[in-house]
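So this one's my_file.csv, CSV, C-alpha atoms:
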```
chain,number,residue,atom,x,y,z
A,1,MET,CA,51.3,-7.9,19.8
A,2,GLY,CA,49.7,-10.7,17.8
A,3,ASN,CA,50.9,-13.7,15.7
A,4,SER,CA,49.7,-12.6,12.3
A,5,ALA,CA,50.2,-9.6,10.1
A,6,SER,CA,47.3,-7.2,9.8
A,7,GLY,CA,45.0,-8.0,6.9
A,8,LYS,CA,44.3,-4.3,6.4
A,9,ARG,CA,46.3,-2.9,3.5
A,10,GLY,CA,47.5,0.5,2.3
A,11,ILE,CA,49.9,3.1,3.7
A,12,GLY,CA,47.1,5.2,5.1
A,13,ARG,CA,47.3,3.3,8.4
A,14,TYR,CA,50.9,4.4,8.8
A,15,ILE,CA,50.2,8.2,8.2
A,16,PRO,CA,49.6,9.0,11.9
A,17,VAL,CA,53.0,7.4,12.9
A,18,TYR,CA,54.6,9.3,10.0
A,19,VAL,CA,53.1,12.6,11.1
A,20,VAL,CA,54.2,12.0,14.7
A,21,LEU,CA,57.7,11.2,13.6
A,22,LEU,CA,57.9,14.5,11.6
A,23,VAL,CA,56.5,16.4,14.6
A,24,LEU,CA,59.1,14.8,16.9
A,25,SER,CA,61.9,15.8,14.5
A,26,GLY,CA,60.6,19.3,14.5
A,27,LEU,CA,60.4,19.2,18.3
A,28,GLN,CA,64.1,18.3,18.4
A,29,VAL,CA,65.0,21.3,16.3
A,30,PHE,CA,62.8,23.5,18.6
A,31,LEU,CA,64.6,22.1,21.7
A,32,ALA,CA,68.0,22.8,20.2
A,33,TYR,CA,67.2,26.5,20.0
A,34,ALA,CA,65.3,26.7,23.3
A,35,ARG,CA,68.5,27.6,25.3
A,36,LEU,CA,68.3,24.7,27.7
A,37,ASP,CA,71.4,23.8,29.7
A,38,ARG,CA,73.6,21.2,28.0
A,39,ASN,CA,72.7,18.2,30.2
A,40,ARG,CA,68.9,18.9,30.0
A,41,LEU,CA,69.2,19.5,26.3
A,42,LEU,CA,70.9,16.1,25.8
A,43,ALA,CA,68.4,14.3,28.0
A,44,SER,CA,65.5,15.9,26.1
A,45,MET,CA,67.0,15.1,22.7
A,46,LEU,CA,67.7,11.5,23.7
A,47,ALA,CA,64.2,11.0,25.1
A,48,VAL,CA,62.6,12.3,21.9
A,49,ALA,CA,65.0,10.1,19.7
A,50,ILE,CA,64.3,7.0,21.8
A,51,PHE,CA,60.5,7.6,21.5
A,52,SER,CA,60.8,8.1,17.7
A,53,ALA,CA,62.9,5.0,17.3
A,54,ALA,CA,60.4,2.9,19.4
A,55,LEU,CA,57.5,4.1,17.1
A,56,ALA,CA,59.5,3.2,14.0
A,57,ILE,CA,60.4,-0.2,15.4
A,58,MET,CA,56.9,-1.1,16.6
A,59,TYR,CA,54.9,0.2,13.6
A,60,PHE,CA,57.2,0.7,10.5
A,61,MET,CA,59.2,-2.5,11.2
A,62,HIS,CA,56.1,-4.3,12.4
A,63,MET,CA,57.6,-5.5,15.7
A,64,ALA,CA,54.2,-4.9,17.3
A,65,GLN,CA,52.8,-7.7,15.0
A,66,GLU,CA,55.5,-10.2,15.8
A,67,ARG,CA,55.4,-12.8,18.7
A,68,ARG,CA,56.2,-11.4,22.1
A,69,SER,CA,59.0,-13.9,22.5
A,70,PHE,CA,60.7,-12.3,19.4
A,71,PHE,CA,60.5,-8.9,21.0
A,72,TRP,CA,61.8,-10.1,24.3
A,73,SER,CA,64.7,-12.0,22.7
A,74,LEU,CA,66.0,-9.1,20.7
A,75,ILE,CA,65.3,-5.7,22.3
A,76,PRO,CA,66.3,-6.0,26.0
A,77,ALA,CA,69.6,-7.7,25.0
A,78,THR,CA,70.3,-4.8,22.6
A,79,ILE,CA,69.5,-2.2,25.2
A,80,PHE,CA,71.6,-4.0,27.7
A,81,VAL,CA,74.7,-4.0,25.4
A,82,LEU,CA,74.1,-0.3,24.5
A,83,LEU,CA,73.8,0.6,28.2
A,84,MET,CA,77.0,-1.3,29.0
A,85,MET,CA,78.9,1.0,26.6
A,86,ASN,CA,78.2,3.9,29.0
A,87,MET,CA,81.0,2.8,31.3
A,88,ILE,CA,83.3,5.1,29.3
A,89,TRP,CA,81.9,8.4,30.6
A,90,SER,CA,83.8,8.7,33.9
A,91,ASP,CA,87.0,8.4,31.9
A,92,SER,CA,86.0,11.2,29.5
A,93,PHE,CA,85.3,13.6,32.4
A,94,ARG,CA,88.7,12.6,33.9
A,95,LEU,CA,90.4,13.7,30.6
A,96,LEU,CA,88.4,17.0,30.6
A,97,HIS,CA,89.8,17.9,34.1
A,98,MET,CA,93.2,16.3,33.4
A,99,ARG,CA,93.0,14.2,36.5
A,100,PRO,CA,94.9,10.8,36.5
A,101,PHE,CA,92.1,8.9,38.2
B,1,MET,CA,54.2,-42.9,0.2
B,2,SER,CA,57.1,-43.8,2.5
B,3,GLU,CA,58.3,-41.3,5.1
B,4,SER,CA,61.5,-40.5,3.2
B,5,ASN,CA,59.5,-40.0,0.0
B,6,GLN,CA,57.1,-37.7,1.8
B,7,SER,CA,60.1,-35.8,3.2
B,8,MET,CA,61.5,-35.4,-0.3
B,9,ALA,CA,58.2,-34.3,-1.7
B,10,LEU,CA,57.9,-31.6,0.9
B,11,GLY,CA,61.5,-30.5,0.6
B,12,HIS,CA,63.9,-30.1,3.5
B,13,SER,CA,61.3,-28.2,5.5
B,14,ALA,CA,59.6,-31.5,6.5
B,15,ALA,CA,62.8,-32.6,8.3
B,16,MET,CA,63.5,-29.2,9.9
B,17,GLU,CA,62.2,-27.7,13.1
B,18,PRO,CA,59.7,-24.8,12.7
B,19,SER,CA,61.1,-21.3,13.2
B,20,PRO,CA,61.1,-20.4,16.9
B,21,TYR,CA,59.5,-17.0,16.2
B,22,ALA,CA,57.2,-18.0,13.3
B,23,ILE,CA,59.1,-15.7,11.0
B,24,PRO,CA,61.1,-16.6,7.8
B,25,SER,CA,64.8,-17.2,8.3
B,26,ARG,CA,65.5,-14.3,5.9
B,27,LYS,CA,63.7,-11.9,8.2
B,28,LEU,CA,65.3,-13.3,11.3
B,29,ALA,CA,68.8,-12.9,9.7
B,30,MET,CA,68.0,-9.3,8.8
B,31,TRP,CA,66.9,-8.5,12.4
B,32,LEU,CA,70.1,-10.0,13.7
B,33,PHE,CA,72.1,-7.9,11.3
B,34,ILE,CA,70.2,-4.8,12.4
B,35,ILE,CA,71.0,-5.6,16.0
B,36,SER,CA,74.7,-5.9,15.3
B,37,ASP,CA,74.7,-2.7,13.2
B,38,ALA,CA,72.8,-0.9,16.0
B,39,CYS,CA,75.7,-1.8,18.3
B,40,THR,CA,78.2,-0.5,15.8
B,41,PHE,CA,76.4,2.8,15.5
B,42,GLY,CA,75.9,2.9,19.3
B,43,ALA,CA,79.6,2.4,19.8
B,44,LEU,CA,80.4,5.2,17.3
B,45,LEU,CA,78.0,7.6,18.9
B,46,PHE,CA,79.3,6.8,22.4
B,47,ALA,CA,82.8,7.4,21.2
B,48,TYR,CA,81.7,10.7,19.7
B,49,GLY,CA,80.1,11.7,23.1
B,50,TYR,CA,83.4,10.6,24.8
B,51,LEU,CA,85.5,12.8,22.6
B,52,ARG,CA,83.1,15.7,22.9
B,53,THR,CA,83.0,15.6,26.6
B,54,ALA,CA,86.8,15.3,26.9
B,55,SER,CA,87.4,18.2,24.6
B,56,PRO,CA,86.8,21.7,26.1
B,57,ASP,CA,87.0,23.4,22.7
B,58,TRP,CA,84.6,21.2,20.7
B,59,PRO,CA,83.4,23.2,17.7
B,60,THR,CA,79.8,24.2,17.3
B,61,PRO,CA,79.7,25.1,13.6
B,62,PHE,CA,76.2,24.3,12.5
B,63,LYS,CA,74.3,27.5,11.6
B,64,PHE,CA,70.5,27.3,10.9
B,65,PHE,CA,71.1,28.2,7.3
B,66,PRO,CA,72.4,26.2,5.5
B,67,SER,CA,73.3,23.3,7.8
B,68,ILE,CA,70.3,22.8,10.1
B,69,LEU,CA,67.7,23.6,7.4
B,70,ASN,CA,69.5,21.1,5.2
B,71,VAL,CA,69.3,18.5,8.0
B,72,VAL,CA,65.6,19.1,8.5
B,73,ILE,CA,64.9,18.6,4.8
B,74,MET,CA,67.1,15.4,4.9
B,75,THR,CA,65.1,14.1,7.8
B,76,VAL,CA,61.7,14.8,6.1
B,77,VAL,CA,63.0,13.0,3.0
B,78,LEU,CA,64.3,10.0,4.9
B,79,ILE,CA,61.1,9.6,7.0
B,80,THR,CA,59.0,9.9,3.8
B,81,SER,CA,61.1,7.3,2.2
B,82,SER,CA,60.3,4.9,5.0
B,83,LEU,CA,56.6,5.6,4.3
B,84,THR,CA,57.0,4.8,0.6
B,85,MET,CA,58.9,1.6,1.5
B,86,LEU,CA,55.9,0.6,3.6
B,87,GLY,CA,53.9,1.1,0.4
B,88,ALA,CA,56.2,-1.3,-1.4
B,89,VAL,CA,55.9,-3.9,1.3
B,90,ASP,CA,52.1,-3.7,1.4
B,91,THR,CA,51.6,-3.9,-2.4
B,92,SER,CA,54.2,-6.7,-2.8
B,93,LYS,CA,52.3,-8.8,-0.2
B,94,SER,CA,49.2,-8.4,-2.2
B,95,GLY,CA,51.1,-9.3,-5.5
B,96,GLU,CA,50.6,-5.9,-7.2
B,97,LYS,CA,53.9,-5.9,-9.1
B,98,SER,CA,53.7,-2.6,-10.9
B,99,LYS,CA,52.6,-0.7,-7.7
B,100,THR,CA,55.5,-2.3,-5.8
B,101,LEU,CA,58.0,-1.2,-8.4
B,102,ARG,CA,56.6,2.3,-8.3
B,103,TRP,CA,56.9,2.5,-4.5
B,104,LEU,CA,60.4,1.0,-4.6
B,105,GLY,CA,61.3,3.6,-7.3
B,106,SER,CA,60.0,6.4,-5.1
B,107,THR,CA,62.0,5.1,-2.1
B,108,MET,CA,65.2,4.9,-4.2
B,109,ALA,CA,64.6,8.4,-5.6
B,110,LEU,CA,64.2,9.8,-2.0
B,111,GLY,CA,67.3,7.9,-0.8
B,112,THR,CA,69.2,9.4,-3.7
B,113,ILE,CA,68.0,12.9,-2.8
B,114,PHE,CA,69.1,12.3,0.8
B,115,ALA,CA,72.5,11.2,-0.4
B,116,ILE,CA,72.9,14.3,-2.6
B,117,LEU,CA,71.8,16.6,0.2
B,118,HIS,CA,74.3,14.8,2.5
B,119,ILE,CA,77.2,15.3,0.1
B,120,ARG,CA,76.2,18.9,-0.3
B,121,GLU,CA,76.4,19.3,3.5
B,122,TRP,CA,79.8,17.7,3.5
B,123,ALA,CA,81.0,19.9,0.6
B,124,GLY,CA,79.9,23.0,2.6
B,125,LEU,CA,81.9,22.0,5.7
B,126,ILE,CA,84.9,21.0,3.6
B,127,HIS,CA,84.7,24.4,1.9
B,128,GLU,CA,84.8,26.0,5.4
B,129,GLY,CA,88.1,24.2,6.1
B,130,VAL,CA,86.9,21.0,8.0
B,131,ARG,CA,89.3,18.1,7.3
B,132,LEU,CA,89.7,14.7,9.0
B,133,PHE,CA,92.3,16.0,11.4
B,134,GLU,CA,91.9,19.8,11.4
B,135,ASN,CA,89.3,22.5,11.4
B,136,PRO,CA,89.3,26.3,11.9
B,137,TRP,CA,87.3,26.2,15.1
B,138,GLY,CA,88.6,23.9,17.8
B,139,SER,CA,89.3,20.2,18.7
B,140,SER,CA,91.0,18.5,15.8
B,141,LEU,CA,89.0,15.4,16.4
B,142,PHE,CA,85.7,17.0,15.3
B,143,GLY,CA,86.3,16.3,11.6
B,144,ALA,CA,87.3,12.6,12.0
B,145,SER,CA,84.3,11.8,14.3
B,146,PHE,CA,81.8,13.8,12.2
B,147,PHE,CA,82.9,12.3,8.9
B,148,SER,CA,83.1,8.8,10.4
B,149,ILE,CA,79.5,8.8,11.8
B,150,THR,CA,77.8,10.6,9.0
B,151,GLY,CA,79.9,8.8,6.4
B,152,LEU,CA,79.0,5.4,7.8
B,153,HIS,CA,75.3,6.4,7.7
B,154,LEU,CA,75.7,7.7,4.1
B,155,LEU,CA,77.3,4.4,3.2
B,156,HIS,CA,74.2,2.6,4.6
B,157,VAL,CA,71.9,4.9,2.6
B,158,ILE,CA,73.8,4.3,-0.7
B,159,SER,CA,74.0,0.5,0.0
B,160,GLY,CA,70.2,0.5,0.7
B,161,VAL,CA,69.5,2.3,-2.6
B,162,ILE,CA,71.6,-0.3,-4.5
B,163,ALA,CA,70.0,-3.2,-2.6
B,164,MET,CA,66.6,-1.8,-3.5
B,165,ALA,CA,67.6,-1.6,-7.2
B,166,VAL,CA,68.7,-5.3,-7.1
B,167,ILE,CA,65.5,-6.3,-5.2
B,168,ALA,CA,63.3,-4.4,-7.6
B,169,ARG,CA,65.0,-6.0,-10.6
B,170,GLY,CA,64.6,-9.5,-9.2
B,171,TYR,CA,61.0,-8.9,-8.1
B,172,SER,CA,60.0,-7.6,-11.5
B,173,ARG,CA,61.5,-10.7,-13.1
B,174,GLY,CA,59.8,-13.0,-10.6
B,175,SER,CA,63.1,-14.4,-9.2
B,176,LEU,CA,62.6,-12.6,-5.8
B,177,SER,CA,59.6,-12.5,-3.6
B,178,ALA,CA,57.6,-10.1,-1.3
B,179,GLY,CA,59.7,-11.5,1.5
B,180,HIS,CA,62.8,-10.0,0.0
B,181,VAL,CA,61.1,-6.6,-0.3
B,182,GLU,CA,60.1,-6.9,3.4
B,183,SER,CA,63.7,-7.7,4.5
B,184,THR,CA,65.0,-4.7,2.5
B,185,ALA,CA,62.4,-2.6,4.1
B,186,LEU,CA,63.5,-3.6,7.6
B,187,TYR,CA,67.1,-2.5,6.7
B,188,TRP,CA,65.8,0.8,5.3
B,189,HIS,CA,63.7,1.6,8.4
B,190,PHE,CA,66.8,0.9,10.5
B,191,VAL,CA,68.8,3.5,8.5
B,192,ASP,CA,66.0,5.9,9.2
B,193,ILE,CA,66.2,5.1,13.0
B,194,VAL,CA,69.9,5.7,13.1
B,195,TRP,CA,69.4,9.1,11.5
B,196,MET,CA,67.0,10.0,14.4
B,197,PHE,CA,70.0,9.7,16.8
B,198,VAL,CA,72.6,11.2,14.5
B,199,VAL,CA,70.7,14.5,14.0
B,200,PRO,CA,70.3,15.4,17.7
B,201,LEU,CA,73.7,14.1,18.9
B,202,VAL,CA,75.9,15.3,16.0
B,203,TYR,CA,74.1,18.3,14.6
B,204,LEU,CA,71.6,19.8,17.0
B,205,MET,CA,74.0,19.5,20.1
B,206,SER,CA,76.5,21.5,18.1
B,207,ILE,CA,74.5,24.4,16.7
B,208,ALA,CA,76.2,27.8,16.2
B,209,ARG,CA,74.7,30.3,18.6
B,210,PRO,CA,74.8,34.0,17.6
```
Show the structure stored in the file as C-alpha cells.
Amino acid sequence: MGNSASGKRGIGRYIPVYVVLLVLSGLQVFLAYARLDRNRLLASMLAVAIFSAALAIMYFMHMAQERRSFFWSLIPATIFVLLMMNMIWSDSFRLLHMRPF
Amino acid sequence: MSESNQSMALGHSAAMEPSPYAIPSRKLAMWLFIISDACTFGALLFAYGYLRTASPDWPTPFKFFPSILNVVIMTVVLITSSLTMLGAVDTSKSGEKSKTLRWLGSTMALGTIFAILHIREWAGLIHEGVRLFENPWGSSLFGASFFSITGLHLLHVISGVIAMAVIARGYSRGSLSAGHVESTALYWHFVDIVWMFVVPLVYLMSIARP
C-alpha cells in the first residue's frame, strides 16, 4: 500500500485481475456441479467468493493504493460485524430438528 | 494579508483539519455507505442461510439451461462493466472527457444488459409458478427470500446506471469532476462484489440435479 495513486494509466493493468475474477466465477460453477457434500461445497464457494471480493476491493476499488490506516479502520470492523451475524446458526439448526433449545 | 483574509482567500479548507486518510470527503462518505450496505446485504444473505438451513424442503430449481447459463452471462457482463468503469476513472483523471463519456456509456450499457437478463430470469421463475409466498417445489419462503435478495441487488444496479447517467451529464457539462466519477465507480464495484456472493449462495447452492 502506498500514499499516492499509480501514475500508470490505462485499463490494461487491470486485465489480469479481470481474467482471474472470470476464472474464479467459472470455478464456482464447476464446484457447483462437482458433487461435493453440502458443507464442503458451501465452504469452497465462500472461499472463492471472499478471494474474488478481496481482489476487487484491493485492485478495482484501489484499496491497495490507500493509506494502511484507512484499510485497518474499515475492513476489520466490517468483517467483525459480519462475523457477529453468525450467531443465528444454532437457532436455525434447532428449528430444523424441531427442538425447543 | 491578515490571517482572516488569508483564510478567506483559501476558502474554508484553511480553517479545517486535513483528512485523516488523505482522501477526499466524497470518497470517504462513499466508502462508509458501502460498508453499511455490505452489512445490509450480509444480514440478508445470513437470513437466507438461516431460512434455508431451517427448511428441510428448500427448493433447488436452477437448471443449467436457462438459469445457470443466464447467471454466468450476467456475471461476465457485470465483471466486464467493472473493467469499463475503471477505464472511465482512468480517463477522467487524465481529463480525457470524450473517452470518459464513452467508458461511462459502455458501463451503463452493460449495466442495462445485466438488468434485462435479471428480469428475464425472474420472468422465467414467475412463469414456473414462483411467487413471494408460494412455489410448486417446497418451502414457501423460497420466493420471498430469492426475490428480496436479487431484487435489492437489481435495485442497486438500476440505481447505479441512473447515477452514472447523472454523473456523465454533469461531467460532460463541466459541473462534476473526476472525483465524482471515482466515487460512482466505487459504488459500481461494490455492486459487482455483492453479486460474487449472491451467485454461489442463492443460485449455485440450489442447482437442480438430474
Within 7 Å of chain B, which residues belong to chain A? Use all atoms listed in the file and report them as a compact mmCIF listing (two decimals) with C-alpha atoms, in the frame of the given file.
```txt
# COMPACT_ATOMS: atom_id res chain seq x y z
CA ARG A 9 46.30 -2.90 3.50
CA GLY A 10 47.50 0.50 2.30
CA ILE A 11 49.90 3.10 3.70
CA LEU A 22 57.90 14.50 11.60
CA GLN A 28 64.10 18.30 18.40
CA VAL A 29 65.00 21.30 16.30
CA ALA A 32 68.00 22.80 20.20
CA MET A 45 67.00 15.10 22.70
CA ALA A 49 65.00 10.10 19.70
CA ALA A 53 62.90 5.00 17.30
CA PHE A 60 57.20 0.70 10.50
CA MET A 61 59.20 -2.50 11.20
CA ARG A 67 55.40 -12.80 18.70
CA PHE A 70 60.70 -12.30 19.40
CA THR A 78 70.30 -4.80 22.60
CA LEU A 82 74.10 -0.30 24.50
CA MET A 85 78.90 1.00 26.60
CA TRP A 89 81.90 8.40 30.60
CA SER A 92 86.00 11.20 29.50
CA PHE A 93 85.30 13.60 32.40
CA LEU A 95 90.40 13.70 30.60
CA LEU A 96 88.40 17.00 30.60
```
**Prompt:** Neighbours of B:Phe147 within 9 Å (all atoms listed in the file; same-chain residues fewer than 6 positions away dropped), as a PyMOL selection string?
**Reply:** chain B and resi 122+131-132
**Message:** Please determine, counting all atoms listed in the file, which residue among B:Val157, B:Ser140, B:Gly95, B:Leu152 has the shortest atom-to-atom distance to B:Ile113.
**Reply:** B:Val157
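Remark: for B:Ala178, the closest of the candidate residues B:Leu117, B:Leu155, B:Leu101, B:Ile162 is B:Leu101 (distances computed over all atoms listed in the file).
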**Asked** A:Val17: which residues within 8 Å, counting all atoms listed in the file, same-chain residues fewer than 3 positions away excluded, as a ChimeraX atom specification?
**Response** /A:14,20-21,55-56,59
Could you save the residues just selected, with C-alpha atoms, as a PDB file, keeping the file's coordinate frame?
```
ATOM      1  CA  TYR A  14      50.900   4.400   8.800  1.00  0.00           C
ATOM      2  CA  VAL A  20      54.200  12.000  14.700  1.00  0.00           C
ATOM      3  CA  LEU A  21      57.700  11.200  13.600  1.00  0.00           C
ATOM      4  CA  LEU A  55      57.500   4.100  17.100  1.00  0.00           C
ATOM      5  CA  ALA A  56      59.500   3.200  14.000  1.00  0.00           C
ATOM      6  CA  TYR A  59      54.900   0.200  13.600  1.00  0.00           C
TER       7      TYR A  59
END
```
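The closest residue to A:Tyr18, picked from A:Arg38, A:Arg94, A:Asn86, A:Ser52 and counting only C-alpha atoms, is A:Ser52.
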**Request:** Please measure the separation of atom CA of B:Pro210 and atom CA of A:Val48, giving the value in Å to one decimal.
**Result:** 25.3 Å
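As for atom CA of B:Glu96 and atom CA of B:Leu176, they are spaced 13.8 Å apart.
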